[in-house]
Each structure stands twice: as C-alpha cells, then as structure tokens.
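Visitor: Please see the structure below; I have some questions.
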Amino acid sequence: MIRVVGLIILLVLPLAVAAQTGDLSEKRLAELRVIADRIALIETGDVPDMLVNAVFAANGTRGERPLADQVAGMNLGAMRTLERKAAVIALAAFLHERMSERAIAEVYAATVYYGRNCYGYVDAVRWLARRTPDRAGDNVWLALAALPRSPSLYLRDRSALKARVAVIVTEMEAQNLVGSDAAERLRGLPLANIDSGKGCSGR
C-alpha cells in the first residue's frame, strides 16, 4: 500500500509542480493530446510477432522506462527538463488509456531510431538487412531489436550484436514470450547480416 501511494506521489508531483510554475499550460496539454492522437493513428502495418516480443524483451533487459514513456518521449521534441518530465508522464498515461501494450510496442518499432539514419523497422529491414519485411527471418528481427539502445556500437561490432541478441533471447524465455524449444531454435540461428554501410542515408 505504501509503495502504491509513493508511486502515485512520484507520478503526480511533477505535474503539480509544472502546473504551479506554468510550465505545463493548457495549450501544452492540448498539444500533447494532438500528439497522442497522431501516435494512436500511426499505421505500422503488420509488425512481426518476433519483433514485438524482442522489443519487450530488449526493454526489460535494459531497465528502461515503459514503452508508453519511450514513445511519448520520442514525440515531444526539445523541452525544458521539468516540463518534459511532466509531459512524458501525461502523454504516457494518455497512451495507456487508449492503446494496448502491443499497440504501443508496434508504434515503438515503427518510430524508433535503428541507426544509419533509419527510423522505423520498415526502413531498418530494407536498408540495414537488405530484405523486405515479408522476407526477413527471425534472426533479422532479433538483430534489429538489439540496435535501438546503441545502434552505432552494434552496427560496428558484430560480436557485441551477437551478445546482445543472446541476452534478448534469454530475456524472451524468462518473460515467457517464447517457450524453451523456441528459445533454443533462436539461439541456433546465424547472426543476421546487418549492413554497416550508409544505411538509409545512402538512398
């Protein structure tokens, strides 16, 4: 109970402070609602289950904020620290009210930066893996899921990418996103050939 109350205070306090200082005005809240509506309307297409599961697993291993917070943060632009913190909380809550966790993961996969000027999994699979989404294997989706945290490192260092993929598979199994047999199959896949060239900037 104490932890729940503490969490509520942690979430509400930045909003209250921002409201008192005028950092989070009605105009800003209206703008955030417009952003949230646009996010909810993003057409991500048929996002592969493997990529969605790998996104969940990758976020779990990195100890990052919830997906809704990340999607909110990616769409807020340059803002002052206090206002941004309050805005991220407000927009993340707004997303959770409207979208399922899977839908949020799909938006994340469609908007996240994968490196080499590639934004979204469609660009990433085409320009980094030289595949079309319908012809990309599970090893490609796993490799892409390993990129968002520090794309330049993993694009340069295949051993780092391989280690990152192994961690994601282990996390997927731990979170029951895949069974033990599927996890073993994924561990046995060859590492996808992710292009370290110009990527999307070389169109």
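As shown in the structure tokens, the chain order sets the letters A, B, ...; within each chain, residues go from 1, and ligands are also counted from 1 in the order they appear.
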Per DSSP on the backbone, what are the alpha helix (DSSP H) residues of region 1-201 of chain A, as number ranges by chain?

Guide: A: 2-21, 26-40, 49-62, 67-74, 81-98, 101-111, 121-127, 138-145, 151-156, 158-174, 180-187

Visitor: Might you pull out every residue within 12 Å of region 168-179 of chain A, with only C-alpha atoms counted and same-chain residues fewer than 4 positions away left off, and present them as JSON, numbers by chain?

Guide: {"A": [49, 50, 51, 52, 53, 54, 55, 56, 57, 58, 59, 60, 61, 62, 63, 138, 139, 141, 142, 143, 144, 145, 146, 147, 161, 162, 163, 164, 183, 184, 185, 186, 187, 188, 189]}

Visitor: Which is closest to Val34 (chain A) among A:Arg84, A:Val140, A:Leu95, A:Met79, if we use only C-alpha atoms?

Guide: A:Leu95

Visitor: Show me, as a list in words, the residues that have an atom within 9 Å of Gln70 (chain A) when counting only C-alpha atoms, minus same-chain residues fewer than 4 positions from it.

Guide: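 In the requested format, the answer is Glu64, Arg65, Pro66, Met74, Asn75, Val88, Ala92 and Tyr108 of chain A.
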
Visitor: Quick check for you: according to DSSP on this backbone, which residues of chain A are classed as strand (DSSP E)? Reply as a PyMOL selection string.

Guide: chain A and resi 113-115+118-119

Visitor: Take the residues from that selection and put them in a file with N, CA and C atoms, as a tab-separated table (two decimals), in the first residue's frame.

Guide:
```tsv
chain	number	residue	atom	x	y	z
A	113	TYR	N	14.69	4.84	-33.59
A	113	TYR	CA	15.87	5.03	-34.45
A	113	TYR	C	16.73	3.78	-34.41
A	114	TYR	N	16.98	3.19	-35.57
A	114	TYR	CA	17.76	1.96	-35.65
A	114	TYR	C	19.20	2.18	-36.09
A	115	GLY	N	19.59	3.41	-36.28
A	115	GLY	CA	20.95	3.69	-36.72
A	115	GLY	C	21.04	3.93	-38.22
A	118	CYS	N	18.11	5.40	-40.17
A	118	CYS	CA	16.93	4.57	-40.38
A	118	CYS	C	15.96	4.72	-39.21
A	119	TYR	N	14.76	5.16	-39.50
A	119	TYR	CA	13.72	5.32	-38.48
A	119	TYR	C	12.58	4.36	-38.78
```

Visitor: CA of Tyr154 (chain A) to CA of Ile104 (chain A): how many Å, to one decimal?

Guide: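 These atoms are spaced 24.5 Å apart.
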
Visitor: Of the candidates A:Gly45, A:Asn193, A:Asp134, A:Val167, which one gets nearest to Ala109 (chain A) if we count only C-alpha atoms?

Guide: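 The shortest atom-to-atom distance to Ala109 (chain A) comes from A:Gly45.
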